[in-house]
Amino acid sequence: MAEPRPARALPFAAETAALGVVFGDIGTSPLYAFKQGLLAASGTGSLDSNVFGLLSLITWAVILSVTIKYVMLVLRADNDGEGGILALVTLLDLHRSATGRRLLLLAAGLVGGAMLIGDGVLTPAISVLSAIEGLEVIAPPLDHWIVAVTVLVILMVFVSQRAGTDRIGAFYGPVMLIWFATLAGLGIYGIAQAPQVLFALDPRHGIALVVLHPGLAGAVLGATFLAITGGEALYADLGHFGRPVITRAWLFVAMPALLLNYFGQGADVLIHREAVRNPFYDLSPDPIDVPLLILATAATVIASQAIITGVFSLAKQAIELGYLPPMRIRYTSEHNDQHIYIGRLNWIMMLACAAIVVSFGSSDRLASAYGIAVAMAMVATTILFIAYVRRSWQWPVPALVALACGLFAIDLPFAVANLTKLPDGGWLPVGIAAIVLVIMVSWRRGLEGLGLQQRRFTEPLDDFVARGRPSACAISPRTAIFLSRGGAVTPVALGRLSDLLNVQFSRSVIVSVWIAARPRVPVDERVRVLTLDPVHVRVDVRFGYMQQIDVPSVLGPALYAQGIDPDEAVYVIGHERVIPPDGIGGVRDALAHLFAFLARNAERSVDRFGLPRPRTIEIGYPVRL
């Protein structure tokens, strides 16, 4: 039976929905990007030249990085429709085994993924904070409430995650459509007052701003980058809507609205010099200040929701690919397996995000920490994308070199410029990413070490079956389903019951769960059954790394075909008690201790695979690393 497919959305409806999911991050950048650029360029020359130069840099950053790199090129590198940096890792098959040059590519992918998780903590903070800071312009006496209100909004965003986004998600697109229409309207209103601002389309203004003031070039480019930090989200959310929908929504709605608003802010600053304090809110006419504040807050909440959902999705991919410990994942939609909730990760992000708002206190200070993680992730995406083009598109070498030079010419200046933020707060997202990366490396190495150690407790499955049953073996009338880490290896639980207790079952089903290097595996390809003898049956079950893993529901039809009632069978799983080294004599021992801690707190197989608790037996055994 084929899986139900969601109804195909009408083009306009799909593009409207994409505005809420895909463009939430980049769509709220006008709240702070131009303002931070003006602050970075202050003191480098006349205000007019700074406005023209900054608008030129933002315009061409949007065109080159987002439109050409992501929309025209990177979105074409999909894994069965799914995107994101880990999709590139699976497309290149780096997660299976990587040595030499492939190990460097895997490292780039893991670093990029860790950076995006680090960015996911900062994005809600700076987005919501910059929106609430409109109180400084609209109601100055209330500006001392900015931090408290921001923390309250952020807490509400994270607490609401438990309810899921399936229902409220329908409102995201229309709200963001209103938001982009407002951005465009305000931009046109500003441009009409100073149409000469359109001369900033000339790239020479941006080049002059950087070349004539090299001492502040890093700060200016770092601020400019804030306008395109959401570019990576276009690729990460590819699986939600597909390339045609994202392309149309970007080219015909999001990009024009963003550029119009930036130019409108620039025009307003040319006319009203005091507008540099907050050009976004100063651009709006007084009668719509309060509605604009409410709309901006709603837009940043949606942007935060999209980022949080993206982090959940990225974490799930890493879990299924074996780079993060299993965490309890709850699916919040019956129709979309990408709507998930990871409680442990949600609360960690909530506390970190609230602490960041309180610590930094303003979007100006937080901007010094924001952007560096995304810049590094974009470089990692470029590295993997070039490798993918070389492997899959088979471009001639000159064309491949030209592509690499062009993409690195876009990414590296922004990456280097953002490195100047390290002393002023950039260390924070890098530190978060470093922690995530250490956890990834520890978990992966620990699983590999665990596999090596388990060989002491087991033997090839064919050898176990060939030995047959001992003459005095006690036979249980039940059918037992054993979970195995490797289909050709005897499960430790099966071997121990037979060798230590001299107990076997009337039928034994050895099930191995495999995660494929693609997001989804069709129903007719999920189960492979091999009858070893009248007693033992081997079953390989495959899931995609984006699918919900429910072993009993997938296994049921295969068991019925073997004459086994799945509702009467007992599940038997082995549970390793990881024992780390006695002391810490180096990095390897430290990673082993971290793995042991993670293993103790990871989600149990009975929950991860959806096994029925009343009919599941766990057999524990110690494994020393």
# chains A, B, ... in the order shown; residues from 1 in each chain; ligands from 1
call {"tool": "select_by_dssp", "arguments": {"residues": "stretch 413-489 of chain A", "states": "alpha helix (DSSP H)", "output": "PDB file with N, CA and C atoms, in the first residue's frame"}}
result
ATOM      1  N   PRO A 413      34.953  36.565   1.389  1.00  0.00           N
ATOM      2  CA  PRO A 413      35.032  37.899   1.982  1.00  0.00           C
ATOM      3  C   PRO A 413      34.096  38.076   3.171  1.00  0.00           C
ATOM      4  N   PHE A 414      32.893  37.526   3.077  1.00  0.00           N
ATOM      5  CA  PHE A 414      31.968  37.627   4.205  1.00  0.00           C
ATOM      6  C   PHE A 414      32.444  36.784   5.382  1.00  0.00           C
ATOM      7  N   ALA A 415      32.986  35.605   5.106  1.00  0.00           N
ATOM      8  CA  ALA A 415      33.477  34.753   6.192  1.00  0.00           C
ATOM      9  C   ALA A 415      34.630  35.433   6.926  1.00  0.00           C
ATOM     10  N   VAL A 416      35.591  35.982   6.173  1.00  0.00           N
ATOM     11  CA  VAL A 416      36.733  36.662   6.787  1.00  0.00           C
ATOM     12  C   VAL A 416      36.271  37.894   7.557  1.00  0.00           C
ATOM     13  N   ALA A 417      35.318  38.637   6.970  1.00  0.00           N
ATOM     14  CA  ALA A 417      34.814  39.830   7.650  1.00  0.00           C
ATOM     15  C   ALA A 417      34.135  39.471   8.961  1.00  0.00           C
ATOM     16  N   ASN A 418      33.397  38.374   8.982  1.00  0.00           N
ATOM     17  CA  ASN A 418      32.713  37.980  10.208  1.00  0.00           C
ATOM     18  C   ASN A 418      33.674  37.487  11.280  1.00  0.00           C
ATOM     19  N   LEU A 419      34.845  37.025  10.871  1.00  0.00           N
ATOM     20  CA  LEU A 419      35.829  36.608  11.871  1.00  0.00           C
ATOM     21  C   LEU A 419      36.261  37.764  12.757  1.00  0.00           C
ATOM     22  N   TRP A 427      32.420  34.822  19.415  1.00  0.00           N
ATOM     23  CA  TRP A 427      32.849  33.580  20.052  1.00  0.00           C
ATOM     24  C   TRP A 427      31.646  32.748  20.533  1.00  0.00           C
ATOM     25  N   LEU A 428      30.508  33.418  20.772  1.00  0.00           N
ATOM     26  CA  LEU A 428      29.351  32.706  21.330  1.00  0.00           C
ATOM     27  C   LEU A 428      28.789  31.656  20.368  1.00  0.00           C
ATOM     28  N   PRO A 429      28.368  32.029  19.140  1.00  0.00           N
ATOM     29  CA  PRO A 429      27.869  30.974  18.251  1.00  0.00           C
ATOM     30  C   PRO A 429      28.939  29.968  17.866  1.00  0.00           C
ATOM     31  N   VAL A 430      30.193  30.439  17.759  1.00  0.00           N
ATOM     32  CA  VAL A 430      31.274  29.500  17.453  1.00  0.00           C
ATOM     33  C   VAL A 430      31.453  28.518  18.608  1.00  0.00           C
ATOM     34  N   GLY A 431      31.343  29.018  19.842  1.00  0.00           N
ATOM     35  CA  GLY A 431      31.451  28.142  21.003  1.00  0.00           C
ATOM     36  C   GLY A 431      30.319  27.126  21.057  1.00  0.00           C
ATOM     37  N   ILE A 432      29.088  27.583  20.755  1.00  0.00           N
ATOM     38  CA  ILE A 432      27.951  26.656  20.726  1.00  0.00           C
ATOM     39  C   ILE A 432      28.167  25.587  19.657  1.00  0.00           C
ATOM     40  N   ALA A 433      28.621  26.035  18.476  1.00  0.00           N
ATOM     41  CA  ALA A 433      28.878  25.088  17.389  1.00  0.00           C
ATOM     42  C   ALA A 433      29.974  24.107  17.766  1.00  0.00           C
ATOM     43  N   ALA A 434      31.008  24.593  18.484  1.00  0.00           N
ATOM     44  CA  ALA A 434      32.101  23.711  18.900  1.00  0.00           C
ATOM     45  C   ALA A 434      31.597  22.626  19.843  1.00  0.00           C
ATOM     46  N   ILE A 435      30.703  23.003  20.762  1.00  0.00           N
ATOM     47  CA  ILE A 435      30.129  22.013  21.681  1.00  0.00           C
ATOM     48  C   ILE A 435      29.345  20.958  20.899  1.00  0.00           C
ATOM     49  N   VAL A 436      28.519  21.419  19.954  1.00  0.00           N
ATOM     50  CA  VAL A 436      27.738  20.492  19.131  1.00  0.00           C
ATOM     51  C   VAL A 436      28.663  19.576  18.336  1.00  0.00           C
ATOM     52  N   LEU A 437      29.733  20.140  17.791  1.00  0.00           N
ATOM     53  CA  LEU A 437      30.666  19.350  16.985  1.00  0.00           C
ATOM     54  C   LEU A 437      31.370  18.289  17.833  1.00  0.00           C
ATOM     55  N   VAL A 438      31.763  18.655  19.048  1.00  0.00           N
ATOM     56  CA  VAL A 438      32.403  17.687  19.939  1.00  0.00           C
ATOM     57  C   VAL A 438      31.433  16.545  20.258  1.00  0.00           C
ATOM     58  N   ILE A 439      30.167  16.896  20.482  1.00  0.00           N
ATOM     59  CA  ILE A 439      29.165  15.858  20.750  1.00  0.00           C
ATOM     60  C   ILE A 439      29.018  14.941  19.539  1.00  0.00           C
ATOM     61  N   MET A 440      29.002  15.528  18.343  1.00  0.00           N
ATOM     62  CA  MET A 440      28.891  14.721  17.121  1.00  0.00           C
ATOM     63  C   MET A 440      30.056  13.752  16.987  1.00  0.00           C
ATOM     64  N   VAL A 441      31.264  14.264  17.164  1.00  0.00           N
ATOM     65  CA  VAL A 441      32.453  13.424  17.021  1.00  0.00           C
ATOM     66  C   VAL A 441      32.474  12.345  18.098  1.00  0.00           C
ATOM     67  N   SER A 442      32.138  12.733  19.331  1.00  0.00           N
ATOM     68  CA  SER A 442      32.136  11.767  20.429  1.00  0.00           C
ATOM     69  C   SER A 442      31.127  10.655  20.172  1.00  0.00           C
ATOM     70  N   TRP A 443      29.939  11.022  19.722  1.00  0.00           N
ATOM     71  CA  TRP A 443      28.903  10.002  19.516  1.00  0.00           C
ATOM     72  C   TRP A 443      29.282   9.065  18.376  1.00  0.00           C
ATOM     73  N   ARG A 444      29.795   9.629  17.291  1.00  0.00           N
ATOM     74  CA  ARG A 444      30.154   8.792  16.153  1.00  0.00           C
ATOM     75  C   ARG A 444      31.296   7.841  16.503  1.00  0.00           C
ATOM     76  N   ARG A 445      32.347   8.366  17.152  1.00  0.00           N
ATOM     77  CA  ARG A 445      33.467   7.516  17.543  1.00  0.00           C
ATOM     78  C   ARG A 445      33.020   6.474  18.561  1.00  0.00           C
ATOM     79  N   GLY A 446      32.119   6.881  19.466  1.00  0.00           N
ATOM     80  CA  GLY A 446      31.640   5.941  20.472  1.00  0.00           C
ATOM     81  C   GLY A 446      30.865   4.787  19.858  1.00  0.00           C
ATOM     82  N   LEU A 447      30.023   5.101  18.864  1.00  0.00           N
ATOM     83  CA  LEU A 447      29.275   4.029  18.196  1.00  0.00           C
ATOM     84  C   LEU A 447      30.211   3.072  17.482  1.00  0.00           C
ATOM     85  N   GLU A 448      31.247   3.628  16.845  1.00  0.00           N
ATOM     86  CA  GLU A 448      32.207   2.764  16.165  1.00  0.00           C
ATOM     87  C   GLU A 448      32.954   1.883  17.158  1.00  0.00           C
ATOM     88  N   GLY A 449      33.362   2.470  18.300  1.00  0.00           N
ATOM     89  CA  GLY A 449      34.033   1.684  19.336  1.00  0.00           C
ATOM     90  C   GLY A 449      33.115   0.645  19.940  1.00  0.00           C
ATOM     91  N   LEU A 450      31.843   0.992  20.075  1.00  0.00           N
ATOM     92  CA  LEU A 450      30.866   0.060  20.627  1.00  0.00           C
ATOM     93  C   LEU A 450      30.712  -1.148  19.703  1.00  0.00           C
ATOM     94  N   GLY A 451      30.696  -0.885  18.403  1.00  0.00           N
ATOM     95  CA  GLY A 451      30.586  -1.985  17.455  1.00  0.00           C
ATOM     96  C   GLY A 451      31.762  -2.933  17.530  1.00  0.00           C
ATOM     97  N   LEU A 452      32.957  -2.371  17.713  1.00  0.00           N
ATOM     98  CA  LEU A 452      34.144  -3.221  17.826  1.00  0.00           C
ATOM     99  C   LEU A 452      34.108  -4.063  19.098  1.00  0.00           C
ATOM    100  N   GLN A 453      33.688  -3.458  20.198  1.00  0.00           N
ATOM    101  CA  GLN A 453      33.655  -4.178  21.465  1.00  0.00           C
ATOM    102  C   GLN A 453      32.582  -5.271  21.477  1.00  0.00           C
ATOM    103  N   GLN A 454      31.488  -5.031  20.743  1.00  0.00           N
ATOM    104  CA  GLN A 454      30.409  -6.008  20.752  1.00  0.00           C
ATOM    105  C   GLN A 454      30.795  -7.328  20.081  1.00  0.00           C
ATOM    106  N   LEU A 461      25.749 -14.525  12.224  1.00  0.00           N
ATOM    107  CA  LEU A 461      24.428 -15.124  12.369  1.00  0.00           C
ATOM    108  C   LEU A 461      24.348 -16.501  11.707  1.00  0.00           C
ATOM    109  N   ASP A 462      25.009 -16.633  10.564  1.00  0.00           N
ATOM    110  CA  ASP A 462      24.983 -17.936   9.887  1.00  0.00           C
ATOM    111  C   ASP A 462      25.605 -19.030  10.748  1.00  0.00           C
ATOM    112  N   ASP A 463      26.682 -18.687  11.492  1.00  0.00           N
ATOM    113  CA  ASP A 463      27.317 -19.678  12.361  1.00  0.00           C
ATOM    114  C   ASP A 463      26.390 -20.071  13.502  1.00  0.00           C
ATOM    115  N   PHE A 464      25.673 -19.098  14.066  1.00  0.00           N
ATOM    116  CA  PHE A 464      24.751 -19.389  15.170  1.00  0.00           C
ATOM    117  C   PHE A 464      23.630 -20.311  14.690  1.00  0.00           C
ATOM    118  N   VAL A 465      23.082 -20.008  13.520  1.00  0.00           N
ATOM    119  CA  VAL A 465      21.996 -20.831  12.991  1.00  0.00           C
ATOM    120  C   VAL A 465      22.491 -22.219  12.649  1.00  0.00           C
ATOM    121  N   ALA A 466      23.705 -22.317  12.098  1.00  0.00           N
ATOM    122  CA  ALA A 466      24.248 -23.625  11.688  1.00  0.00           C
ATOM    123  C   ALA A 466      24.466 -24.544  12.878  1.00  0.00           C
ATOM    124  N   ARG A 467      24.741 -23.999  14.054  1.00  0.00           N
ATOM    125  CA  ARG A 467      24.979 -24.844  15.235  1.00  0.00           C
ATOM    126  C   ARG A 467      23.707 -25.542  15.690  1.00  0.00           C
TER     127      ARG A 467
END
call {"tool": "residues_around", "arguments": {"residues": "A:Arg528", "least_positions_apart": "3", "cutoff": "8 Å", "atoms": "only C-alpha atoms", "output": "mmCIF file with N, CA and C atoms, in the first residue's frame"}}
result
data_model
loop_
_atom_site.group_PDB
_atom_site.id
_atom_site.type_symbol
_atom_site.label_atom_id
_atom_site.label_comp_id
_atom_site.auth_asym_id
_atom_site.auth_seq_id
_atom_site.Cartn_x
_atom_site.Cartn_y
_atom_site.Cartn_z
ATOM 1 N N GLU A 525 9.830 -0.821 -0.613
ATOM 2 C CA GLU A 525 11.264 -1.064 -0.527
ATOM 3 C C GLU A 525 11.758 -1.149 0.916
ATOM 4 N N VAL A 539 15.177 -10.169 8.981
ATOM 5 C CA VAL A 539 14.408 -9.108 8.338
ATOM 6 C C VAL A 539 15.221 -7.814 8.390
ATOM 7 N N ASP A 540 15.420 -7.202 7.249
ATOM 8 C CA ASP A 540 16.057 -5.889 7.165
ATOM 9 C C ASP A 540 14.973 -4.855 6.891
ATOM 10 N N VAL A 541 14.906 -3.855 7.737
ATOM 11 C CA VAL A 541 13.903 -2.787 7.611
ATOM 12 C C VAL A 541 14.634 -1.480 7.331
#
call {"tool": "residues_around", "arguments": {"residues": "stretch 93-107 of chain A", "least_positions_apart": "5", "cutoff": "12 Å", "atoms": "only C-alpha atoms", "output": "mmCIF file with N, CA and C atoms, in the first residue's frame"}}
result
data_model
loop_
_atom_site.group_PDB
_atom_site.id
_atom_site.type_symbol
_atom_site.label_atom_id
_atom_site.label_comp_id
_atom_site.auth_asym_id
_atom_site.auth_seq_id
_atom_site.Cartn_x
_atom_site.Cartn_y
_atom_site.Cartn_z
ATOM 1 N N ASN A 79 18.441 15.857 -2.538
ATOM 2 C CA ASN A 79 18.430 14.416 -2.299
ATOM 3 C C ASN A 79 16.978 13.963 -2.241
ATOM 4 N N ILE A 85 22.545 21.073 4.383
ATOM 5 C CA ILE A 85 23.956 20.682 4.311
ATOM 6 C C ILE A 85 24.142 19.185 4.549
ATOM 7 N N LEU A 86 23.304 18.580 5.394
ATOM 8 C CA LEU A 86 23.426 17.133 5.606
ATOM 9 C C LEU A 86 22.895 16.340 4.417
ATOM 10 N N ALA A 87 22.021 16.963 3.619
ATOM 11 C CA ALA A 87 21.604 16.314 2.380
ATOM 12 C C ALA A 87 22.794 16.186 1.432
ATOM 13 N N LEU A 88 23.660 17.199 1.419
ATOM 14 C CA LEU A 88 24.874 17.108 0.607
ATOM 15 C C LEU A 88 25.799 16.016 1.135
ATOM 16 N N GLY A 112 29.577 22.702 9.275
ATOM 17 C CA GLY A 112 28.468 23.511 8.795
ATOM 18 C C GLY A 112 27.177 23.222 9.532
ATOM 19 N N GLY A 113 26.878 21.940 9.766
ATOM 20 C CA GLY A 113 25.675 21.585 10.504
ATOM 21 C C GLY A 113 25.706 22.103 11.930
ATOM 22 N N ALA A 114 26.857 21.989 12.582
ATOM 23 C CA ALA A 114 26.992 22.484 13.952
ATOM 24 C C ALA A 114 26.828 23.998 13.994
ATOM 25 N N GLN A 317 18.003 14.637 11.315
ATOM 26 C CA GLN A 317 18.874 14.058 10.297
ATOM 27 C C GLN A 317 20.176 13.559 10.923
ATOM 28 N N ALA A 318 20.759 14.377 11.801
ATOM 29 C CA ALA A 318 22.021 13.991 12.434
ATOM 30 C C ALA A 318 21.836 12.760 13.317
ATOM 31 N N ILE A 319 20.697 12.655 13.996
ATOM 32 C CA ILE A 319 20.425 11.484 14.834
ATOM 33 C C ILE A 319 20.350 10.220 13.982
ATOM 34 N N GLU A 320 19.586 10.298 12.914
ATOM 35 C CA GLU A 320 19.390 9.099 12.089
ATOM 36 C C GLU A 320 20.653 8.716 11.331
ATOM 37 N N LEU A 321 21.514 9.683 11.050
ATOM 38 C CA LEU A 321 22.767 9.376 10.369
ATOM 39 C C LEU A 321 23.867 8.959 11.341
ATOM 40 N N GLY A 322 23.560 8.982 12.641
ATOM 41 C CA GLY A 322 24.507 8.502 13.646
ATOM 42 C C GLY A 322 25.489 9.530 14.145
ATOM 43 N N TYR A 323 25.123 10.813 14.110
ATOM 44 C CA TYR A 323 26.035 11.856 14.572
ATOM 45 C C TYR A 323 25.529 12.606 15.791
ATOM 46 N N ALA A 377 28.896 28.305 7.756
ATOM 47 C CA ALA A 377 28.048 27.265 7.168
ATOM 48 C C ALA A 377 27.926 27.443 5.658
ATOM 49 N N VAL A 379 30.206 28.712 3.673
ATOM 50 C CA VAL A 379 31.455 28.232 3.077
ATOM 51 C C VAL A 379 31.445 26.706 3.010
ATOM 52 N N ALA A 380 30.988 26.058 4.075
ATOM 53 C CA ALA A 380 30.919 24.591 4.079
ATOM 54 C C ALA A 380 29.977 24.088 2.985
ATOM 55 N N THR A 381 28.839 24.764 2.817
ATOM 56 C CA THR A 381 27.911 24.379 1.755
ATOM 57 C C THR A 381 28.565 24.495 0.384
ATOM 58 N N THR A 382 29.326 25.561 0.183
ATOM 59 C CA THR A 382 30.015 25.751 -1.097
ATOM 60 C C THR A 382 31.018 24.628 -1.352
ATOM 61 N N ILE A 383 31.772 24.261 -0.336
ATOM 62 C CA ILE A 383 32.762 23.183 -0.484
ATOM 63 C C ILE A 383 32.082 21.883 -0.907
ATOM 64 N N LEU A 384 31.007 21.528 -0.217
ATOM 65 C CA LEU A 384 30.309 20.284 -0.535
ATOM 66 C C LEU A 384 29.596 20.374 -1.882
ATOM 67 N N PHE A 385 29.073 21.546 -2.188
ATOM 68 C CA PHE A 385 28.387 21.701 -3.470
ATOM 69 C C PHE A 385 29.351 21.532 -4.639
ATOM 70 N N ILE A 386 30.548 22.088 -4.529
ATOM 71 C CA ILE A 386 31.552 21.914 -5.586
ATOM 72 C C ILE A 386 31.889 20.437 -5.752
ATOM 73 N N ALA A 387 32.039 19.723 -4.637
ATOM 74 C CA ALA A 387 32.318 18.286 -4.707
ATOM 75 C C ALA A 387 31.155 17.544 -5.355
ATOM 76 N N TYR A 388 29.931 17.975 -5.048
ATOM 77 C CA TYR A 388 28.755 17.329 -5.645
ATOM 78 C C TYR A 388 28.695 17.579 -7.150
ATOM 79 N N ARG A 391 31.121 15.397 -8.891
ATOM 80 C CA ARG A 391 30.753 13.977 -8.909
ATOM 81 C C ARG A 391 29.524 13.705 -9.765
ATOM 82 N N LEU A 437 29.733 20.140 17.791
ATOM 83 C CA LEU A 437 30.666 19.350 16.985
ATOM 84 C C LEU A 437 31.370 18.289 17.833
ATOM 85 N N VAL A 438 31.763 18.655 19.048
ATOM 86 C CA VAL A 438 32.403 17.687 19.939
ATOM 87 C C VAL A 438 31.433 16.545 20.258
ATOM 88 N N MET A 440 29.002 15.528 18.343
ATOM 89 C CA MET A 440 28.891 14.721 17.121
ATOM 90 C C MET A 440 30.056 13.752 16.987
ATOM 91 N N VAL A 441 31.264 14.264 17.164
ATOM 92 C CA VAL A 441 32.453 13.424 17.021
ATOM 93 C C VAL A 441 32.474 12.345 18.098
ATOM 94 N N ARG A 444 29.795 9.629 17.291
ATOM 95 C CA ARG A 444 30.154 8.792 16.153
ATOM 96 C C ARG A 444 31.296 7.841 16.503
ATOM 97 N N GLU A 448 31.247 3.628 16.845
ATOM 98 C CA GLU A 448 32.207 2.764 16.165
ATOM 99 C C GLU A 448 32.954 1.883 17.158
ATOM 100 N N TRP A 514 17.866 -0.137 9.288
ATOM 101 C CA TRP A 514 18.857 0.607 8.523
ATOM 102 C C TRP A 514 18.299 1.969 8.139
ATOM 103 N N ILE A 515 19.151 2.979 8.200
ATOM 104 C CA ILE A 515 18.778 4.320 7.761
ATOM 105 C C ILE A 515 19.420 4.566 6.403
ATOM 106 N N ALA A 516 18.593 4.768 5.402
ATOM 107 C CA ALA A 516 19.088 4.948 4.038
ATOM 108 C C ALA A 516 19.681 6.340 3.858
ATOM 109 N N ALA A 517 20.477 6.496 2.823
ATOM 110 C CA ALA A 517 21.101 7.783 2.511
ATOM 111 C C ALA A 517 20.175 8.651 1.669
ATOM 112 N N ARG A 518 18.899 8.532 1.900
ATOM 113 C CA ARG A 518 17.911 9.377 1.233
ATOM 114 C C ARG A 518 16.808 9.679 2.236
ATOM 115 N N TYR A 545 16.089 9.021 6.290
ATOM 116 C CA TYR A 545 16.521 9.778 7.472
ATOM 117 C C TYR A 545 15.538 10.879 7.875
#
call {"tool": "residues_around", "arguments": {"residues": "A:Ile228", "least_positions_apart": "3", "cutoff": "9 Å", "atoms": "only C-alpha atoms", "output": "PyMOL selection string"}}
result
chain A and resi 25-26+29+58+61-62+65-66+224-225+231-232
call {"tool": "closest_residue", "arguments": {"among": "A:Ala233, A:Ala298, A:Ala139, A:Val153", "to": "A:Val175", "atoms": "only C-alpha atoms"}}
result
A:Ala298
call {"tool": "select_by_dssp", "arguments": {"residues": "stretch 515-579 of chain A", "states": "strand (DSSP E)", "output": "list in words"}}
result
Ile515, Val527, Arg528, Val529, Leu530, Thr531, His536, Val537, Arg538, Val539, Asp540, Val541, Arg542, Phe543, Val570, Tyr571, Val572, Ile573, Gly574, His575, Glu576, Arg577, Val578 and Ile579 of chain A
call {"tool": "atom_distance", "arguments": {"atom1": "atom CA of A:Thr90", "atom2": "atom CA of A:Pro519"}}
result
9.3 Å
call {"tool": "closest_residue", "arguments": {"among": "A:Gln193, A:Thr59, A:Asn601, A:Ser127", "to": "A:Ala299", "atoms": "only C-alpha atoms"}}
result
A:Ser127
